[in-house]
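Visitor: Contents of structure07.txt (compact mmCIF, C-alpha atoms) are given next:
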```txt
# COMPACT_ATOMS: atom_id res chain seq x y z
CA MET A 247 99.36 119.70 95.01
CA THR A 248 100.14 119.77 98.68
CA GLU A 249 99.51 116.87 101.03
CA ARG A 250 97.01 119.03 102.86
CA ILE A 251 94.75 119.40 99.85
CA GLN A 252 94.96 115.71 99.02
CA LEU A 253 93.69 114.79 102.45
CA LYS A 254 90.85 117.29 102.55
CA VAL A 255 87.46 116.15 103.71
CA ILE A 256 85.38 114.84 100.82
CA ASP A 257 81.65 114.74 100.77
CA ARG A 258 79.62 111.76 99.62
CA ARG A 259 79.07 113.09 96.13
CA ASP A 260 82.75 113.79 95.56
CA PHE A 261 83.64 110.40 96.90
CA VAL A 262 81.25 108.61 94.55
CA LEU A 263 82.40 110.67 91.59
CA GLY A 264 86.03 110.02 92.44
CA ALA A 265 85.39 106.33 92.87
CA SER A 266 83.64 106.00 89.53
CA ALA A 267 86.35 108.04 87.83
CA VAL A 268 89.09 105.71 89.01
CA ALA A 269 86.98 102.69 88.13
CA ALA A 270 86.63 104.04 84.61
CA LEU A 271 90.35 104.72 84.47
CA ALA A 272 91.16 101.21 85.66
CA ALA A 273 89.04 99.84 82.84
CA PHE A 274 91.42 101.35 80.31
CA LEU A 275 94.65 100.09 81.83
CA PRO A 276 96.07 97.42 79.53
CA LEU A 277 96.04 94.63 82.09
CA GLY A 278 95.56 91.85 79.59
CA ALA A 279 99.03 92.36 78.09
CA GLY A 280 100.93 89.44 79.53
CA ARG A 281 100.20 86.02 80.94
CA ALA A 282 102.60 84.33 83.31
CA GLU A 283 102.43 80.56 83.35
CA ALA A 284 103.12 79.80 87.00
CA LYS A 285 99.72 78.86 88.37
CA VAL A 286 98.80 78.02 91.91
CA SER A 287 95.66 76.05 92.75
CA TRP A 288 93.29 77.88 95.04
CA GLN A 289 93.24 74.89 97.37
CA ASP A 290 97.00 75.26 97.83
CA ALA A 291 96.64 79.00 98.30
CA MET A 292 93.95 78.42 100.94
CA LYS A 293 96.08 75.80 102.71
CA ALA A 294 98.97 78.27 102.86
CA VAL A 295 96.69 80.68 104.72
CA ILE A 296 94.51 78.54 106.99
CA GLY A 297 96.59 75.36 107.27
CA ASP A 298 94.82 72.00 107.50
CA ALA A 299 91.51 73.39 108.82
CA LYS A 300 88.47 72.03 106.97
CA PRO A 301 86.00 74.84 106.29
CA THR A 302 82.26 74.23 106.79
CA MET A 303 79.94 75.78 104.19
CA GLY A 304 77.77 78.55 105.62
CA LYS A 305 77.75 81.79 107.67
CA VAL A 306 79.78 83.57 104.97
CA ALA A 307 77.93 85.64 102.37
CA LEU A 308 79.63 86.97 99.25
CA GLU A 309 77.96 89.67 97.19
CA LEU A 310 79.26 89.84 93.65
CA PRO A 311 77.73 90.74 90.31
CA GLU A 312 76.44 87.67 88.47
CA ILE A 313 78.04 88.96 85.31
CA ALA A 314 81.15 91.12 85.51
CA GLU A 315 81.66 93.01 82.28
CA ASN A 316 85.14 94.12 83.21
CA GLY A 317 87.34 91.62 85.03
CA ASN A 318 89.80 94.36 85.94
CA THR A 319 87.56 95.72 88.61
CA VAL A 320 84.82 93.55 90.06
CA PRO A 321 83.18 94.96 93.20
CA PHE A 322 82.51 92.52 96.01
CA THR A 323 81.27 92.55 99.58
CA VAL A 324 81.83 89.81 102.09
CA SER A 325 79.93 89.51 105.34
CA VAL A 326 80.01 86.90 108.09
CA ASP A 327 77.20 86.11 110.50
CA SER A 328 78.74 86.85 113.91
CA PRO A 329 77.82 88.85 117.03
CA MET A 330 81.34 90.41 116.98
CA THR A 331 81.70 90.47 120.77
CA GLY A 332 84.92 90.18 122.76
CA ASN A 333 84.80 86.39 122.93
CA ASP A 334 82.90 85.57 119.74
CA TYR A 335 84.08 87.38 116.65
CA VAL A 336 85.45 86.86 113.18
CA LYS A 337 89.23 87.06 113.20
CA ALA A 338 89.85 87.02 109.47
CA VAL A 339 88.21 86.55 106.10
CA HIS A 340 90.30 85.43 103.14
CA ILE A 341 89.12 85.83 99.56
CA PHE A 342 90.29 83.53 96.78
CA ALA A 343 89.56 83.79 93.05
CA THR A 344 89.69 80.12 92.10
CA GLY A 345 90.36 80.72 88.39
CA ASN A 346 93.02 83.42 88.68
CA PRO A 347 96.66 82.54 88.02
CA ALA A 348 97.34 83.83 91.55
CA PRO A 349 94.19 82.95 93.56
CA ASP A 350 94.95 85.11 96.62
CA VAL A 351 92.92 88.32 96.50
CA VAL A 352 92.81 89.80 99.98
CA SER A 353 92.64 88.94 103.67
CA PHE A 354 90.57 91.13 105.97
CA PHE A 355 91.43 91.07 109.67
CA PHE A 356 88.64 92.09 112.01
CA THR A 357 88.56 92.84 115.72
CA PRO A 358 85.64 93.04 118.18
CA ALA A 359 85.90 96.82 117.57
CA SER A 360 84.88 96.22 113.95
CA GLY A 361 81.28 95.89 115.11
CA LYS A 362 80.34 94.10 111.90
CA ALA A 363 82.30 91.48 109.98
CA LYS A 364 81.64 93.07 106.62
CA ALA A 365 84.00 94.59 104.08
CA THR A 366 83.88 95.74 100.47
CA SER A 367 86.58 96.07 97.83
CA ARG A 368 87.20 95.41 94.15
CA MET A 369 89.02 92.47 92.64
CA ARG A 370 90.56 91.36 89.38
CA LEU A 371 89.08 88.25 87.77
CA ALA A 372 90.93 86.60 84.89
CA LYS A 373 87.92 84.64 83.60
CA THR A 374 84.54 83.20 84.56
CA GLN A 375 85.05 81.41 87.85
CA ASP A 376 84.07 80.79 91.46
CA VAL A 377 85.08 83.21 94.17
CA VAL A 378 85.56 81.71 97.63
CA ALA A 379 85.54 83.45 101.01
CA VAL A 380 86.90 81.65 104.06
CA ALA A 381 86.22 83.01 107.55
CA GLU A 382 88.31 82.20 110.61
CA MET A 383 86.35 82.63 113.83
CA SER A 384 87.77 83.46 117.26
CA ASN A 385 86.78 79.97 118.49
CA GLY A 386 88.91 78.35 115.79
CA LYS A 387 86.02 77.30 113.54
CA VAL A 388 86.38 77.93 109.83
CA TYR A 389 83.47 78.67 107.50
CA MET A 390 83.30 79.11 103.77
CA GLY A 391 81.10 80.83 101.19
CA LYS A 392 81.21 80.62 97.41
CA ARG A 393 79.83 82.58 94.46
CA SER A 394 80.27 82.07 90.74
CA VAL A 395 80.87 85.06 88.50
CA LYS A 396 80.70 85.26 84.72
CA VAL A 397 83.44 87.51 83.37
CA THR A 398 83.08 89.07 79.92
CA ILE A 399 86.55 90.68 79.65
CA GLY A 400 89.22 89.16 81.88
CA GLY A 401 91.52 91.20 84.08
CA CYS A 402 94.41 90.14 86.30
CA GLY A 403 96.99 90.15 83.51
CA GLY A 404 95.42 87.07 82.00
CA MET B 291 101.26 108.99 92.63
CA ALA B 292 99.07 107.58 95.26
CA LYS B 293 96.61 109.82 97.02
CA PRO B 294 94.52 108.51 99.89
CA ARG B 295 90.89 109.53 100.21
CA VAL B 296 88.90 108.62 103.28
CA LYS B 297 85.30 109.09 104.26
CA VAL B 298 84.44 108.90 107.95
CA PRO B 299 81.22 110.30 109.45
CA GLY B 300 81.92 113.50 111.40
CA LYS B 301 79.85 112.41 114.36
CA ALA B 302 78.11 109.35 115.77
CA LYS B 303 76.40 108.05 118.90
CA ALA B 304 78.38 105.97 121.39
CA GLY B 305 78.34 102.32 120.34
CA ASP B 306 77.31 103.07 116.74
CA VAL B 307 78.78 100.89 114.03
CA ILE B 308 79.97 103.33 111.38
CA LEU B 309 80.97 102.75 107.77
CA ILE B 310 84.38 103.93 106.62
CA LYS B 311 85.29 104.15 102.95
CA THR B 312 88.82 104.51 101.69
CA LEU B 313 90.32 104.88 98.27
CA ILE B 314 93.89 105.35 97.12
CA SER B 315 95.16 105.87 93.58
CA HIS B 316 97.71 103.19 92.75
CA LYS B 317 98.41 101.10 89.66
CA MET B 318 98.71 97.87 91.69
CA GLU B 319 101.18 96.39 89.20
CA THR B 320 100.62 92.63 89.36
CA GLY B 321 104.06 91.47 88.25
CA ARG B 322 102.42 89.38 85.52
CA ARG B 323 102.11 92.08 82.91
CA LYS B 324 104.68 92.30 80.11
CA ASN B 325 106.09 95.44 78.59
CA LYS B 326 104.54 95.41 75.10
CA LYS B 327 107.70 96.69 73.40
CA THR B 328 110.41 94.67 75.12
CA GLY B 329 108.41 91.62 76.23
CA GLU B 330 109.91 91.91 79.70
CA LEU B 331 107.81 91.37 82.79
CA ILE B 332 106.95 94.55 84.63
CA PRO B 333 107.97 93.99 88.26
CA ARG B 334 105.23 93.67 90.86
CA LYS B 335 104.49 96.82 92.82
CA ILE B 336 101.29 96.90 94.83
CA ILE B 337 100.01 98.31 98.08
CA ASN B 338 100.05 95.14 100.16
CA SER B 339 98.84 96.41 103.49
CA PHE B 340 96.18 98.68 104.91
CA VAL B 341 95.77 99.31 108.62
CA ALA B 342 93.04 101.29 110.37
CA LYS B 343 93.66 102.41 113.94
CA PHE B 344 91.27 104.16 116.30
CA ASN B 345 92.92 106.08 119.12
CA GLY B 346 96.11 104.13 118.44
CA LYS B 347 94.50 100.68 118.58
CA GLU B 348 94.15 98.52 115.47
CA VAL B 349 90.50 97.98 114.50
CA PHE B 350 90.77 96.66 110.95
CA ARG B 351 93.52 95.47 108.66
CA ALA B 352 93.69 94.18 105.10
CA LYS B 353 96.47 92.21 103.47
CA MET B 354 96.20 92.79 99.75
CA HIS B 355 97.46 90.64 96.88
CA PRO B 356 97.75 91.42 93.16
CA GLY B 357 94.16 90.15 92.82
CA ILE B 358 92.95 93.51 94.13
CA SER B 359 92.10 96.02 91.41
CA ALA B 360 94.06 99.16 90.63
CA ASN B 361 93.16 102.11 92.86
CA PRO B 362 92.24 99.89 95.79
CA TYR B 363 88.93 100.71 97.43
CA LEU B 364 88.16 99.40 100.90
CA ALA B 365 85.00 99.86 102.90
CA PHE B 366 84.58 98.42 106.39
CA HIS B 367 82.87 99.05 109.71
CA VAL B 368 84.03 100.22 113.11
CA LYS B 369 82.16 100.37 116.40
CA VAL B 370 82.94 103.71 118.04
CA PRO B 371 82.67 103.84 121.85
CA ALA B 372 83.91 107.42 122.25
CA SER B 373 85.30 110.40 120.37
CA GLY B 374 88.70 110.00 118.88
CA GLU B 375 90.89 109.91 115.85
CA PHE B 376 91.28 107.36 113.11
CA GLU B 377 94.61 106.79 111.47
CA PHE B 378 94.85 104.91 108.20
CA THR B 379 98.10 103.64 106.72
CA TRP B 380 98.78 102.10 103.33
CA THR B 381 102.10 100.33 102.67
CA GLU B 382 103.56 99.56 99.27
CA ASP B 383 105.86 96.60 98.40
CA THR B 384 108.76 99.07 98.36
CA GLY B 385 108.08 100.04 101.97
CA LYS B 386 106.70 103.43 101.03
CA THR B 387 103.71 104.45 103.13
CA TRP B 388 100.81 106.87 102.91
CA SER B 389 98.60 107.88 105.76
CA ALA B 390 95.48 109.83 106.53
CA LYS B 391 93.83 110.92 109.77
CA LYS B 392 90.19 111.65 110.55
CA LYS B 393 88.48 112.75 113.74
CA ILE B 394 85.05 111.66 114.88
CA ALA B 395 82.90 113.26 117.58
CA VAL B 396 80.89 110.70 119.55
CA GLY B 397 78.19 111.90 121.87
```
Could I get this file's structure written as structure tokens?
Guide:
Amino acid sequence: MTERIQLKVIDRRDFVLGASAVAALAAFLPLGAGRAEAKVSWQDAMKAVIGDAKPTMGKVALELPEIAENGNTVPFTVSVDSPMTGNDYVKAVHIFATGNPAPDVVSFFFTPASGKAKATSRMRLAKTQDVVAVAEMSNGKVYMGKRSVKVTIGGCGG
Amino acid sequence: MAKPRVKVPGKAKAGDVILIKTLISHKMETGRRKNKKTGELIPRKIINSFVAKFNGKEVFRAKMHPGISANPYLAFHVKVPASGEFEFTWTEDTGKTWSAKKKIAVG
């Protein structure tokens, strides 16, 4: 297939179909095969990212399924209450899976041109656990949100 | 083989906050999985970076870790002040990159 065809415009229906197809595919990948022992606490992982800042609970909303049947691909959306103007915006949101052997999931970096501090992706969850989102604001304040997720079949190689 | 797919609205009004969805096929090998036959760890190989630029200026970026699922999906918002072109770039641990471009008409 040529690069041109791969990058063709896709309509909503195709996109949804494609997305569910890869989600189904991901479900069959044998991710539970190995378990490495080196574990990092999520507090240490968070400190490595935001330093000594003490996050305040609030402003950060995490949308996650209450029960995730397949830990290999758990959809999530994070949003932060912010006007997203030039001098008051969310600089970054970091997601940590507190019960994963490697708690770092993703960091989103926003700009005032983002318009909305909201992003969606899919994560791996090794087991039932809390997911934490930490938002760094342009004024240096740090906020945190938390959600617990029950995982039926663990992903994340664990 | 990774293939990027991007959905950007074709047109919008000035100042609209639009939703962009992206998807790329990639195994996102965590580096924690073992080869079932040999017992050896399969080396980590993930897409660790995604950057979205509008008219050459960065508007959104994601730093991904092995905690992101295979075939990473990202959806995010951008406020569009004027017509222009989006450029999306994915970068793998190996340094290999994929990119996609999309135009939007704002009026």
Visitor: Could you build a table of the residues in chain B lying no more than 8 Å from chain A, giving for each the nearest pair of atoms and their separation in Å rounded to one decimal place, using all atoms listed in the file, ordered by chain and ascending residue number, as a tab-separated table?
Guide:
```
residue	atom	partner	partner_atom	distance
B:Lys293	CA	A:Gln252	CA	6.4
B:Pro294	CA	A:Leu253	CA	6.8
B:Arg295	CA	A:Leu253	CA	6.4
B:Val296	CA	A:Ile256	CA	7.6
B:Lys297	CA	A:Ile256	CA	6.7
B:Val307	CA	A:Gly361	CA	5.7
B:Leu313	CA	A:Ala265	CA	7.5
B:Ser315	CA	A:Val268	CA	7.6
B:Thr320	CA	A:Gly403	CA	7.3
B:Arg322	CA	A:Ala282	CA	5.5
B:Arg323	CA	A:Gly280	CA	4.4
B:Lys324	CA	A:Gly280	CA	4.8
B:Asn325	CA	A:Ala279	CA	7.7
B:Lys326	CA	A:Ala279	CA	7.0
B:Leu331	CA	A:Gly280	CA	7.9
B:Glu348	CA	A:Thr357	CA	8.0
B:Val349	CA	A:Thr357	CA	5.6
B:Phe350	CA	A:Phe356	CA	5.2
B:Arg351	CA	A:Phe355	CA	5.0
B:Ala352	CA	A:Phe354	CA	4.4
B:Lys353	CA	A:Ser353	CA	5.0
B:Met354	CA	A:Val352	CA	4.5
B:His355	CA	A:Val351	CA	5.1
B:Pro356	CA	A:Val351	CA	6.6
B:Gly357	CA	A:Val351	CA	4.3
B:Ile358	CA	A:Met369	CA	4.3
B:Ser359	CA	A:Met369	CA	4.9
B:Ala360	CA	A:Ala272	CA	6.1
B:Asn361	CA	A:Val268	CA	6.7
B:Pro362	CA	A:Arg368	CA	6.9
B:Tyr363	CA	A:Ser367	CA	5.2
B:Leu364	CA	A:Ser367	CA	4.8
B:Ala365	CA	A:Thr366	CA	4.9
B:Phe366	CA	A:Ala365	CA	4.5
B:His367	CA	A:Ser360	CA	5.5
B:Val368	CA	A:Ser360	CA	4.2
B:Lys369	CA	A:Gly361	CA	4.7
B:Val370	CA	A:Ala359	CA	7.5
B:Ala390	CA	A:Leu253	CA	6.7
```
Visitor: Where's the centre, and what are the edge lengths in Å to one decimal, of a box along x, y and z enclosing all listed atoms of range 364-375 of chain A padded 6 Å per side, as JSON?
Guide:
```
{"center_x": 86.3, "center_y": 88.7, "center_z": 95.1, "size_x": 21.3, "size_y": 26.7, "size_z": 35.0}
```
Visitor: Taking into account all atoms listed in the file, which residue in the set A:Tyr335, A:Val380, A:Ser394, A:Gln289 is nearest to Pro311 in chain A?
Guide: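 Checking each of A:Tyr335, A:Val380, A:Ser394, A:Gln289 against Pro311 in chain A, counting all atoms listed in the file, the winner is A:Ser394.
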Visitor: Which is closest to Phe322 in chain A among A:Ile399, A:Ala291, A:Met390, A:Val378, if we use only C-alpha atoms?
Guide: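 Checking each of A:Ile399, A:Ala291, A:Met390, A:Val378 against Phe322 in chain A, counting only C-alpha atoms, the winner is A:Val378.
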Visitor: I need the residue nearest Gln375 in chain A from this list: A:Val397, A:Val286, A:Val388, A:Val324. Use all atoms listed in the file for the distance.
Guide: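 Residue with the minimum atom-to-atom distance to Gln375 in chain A: A:Val397.
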Visitor: Between CA of Asp334 in chain A and CA of Asp376 in chain A, what is the spacing in Å?
Guide: 28.7 Å
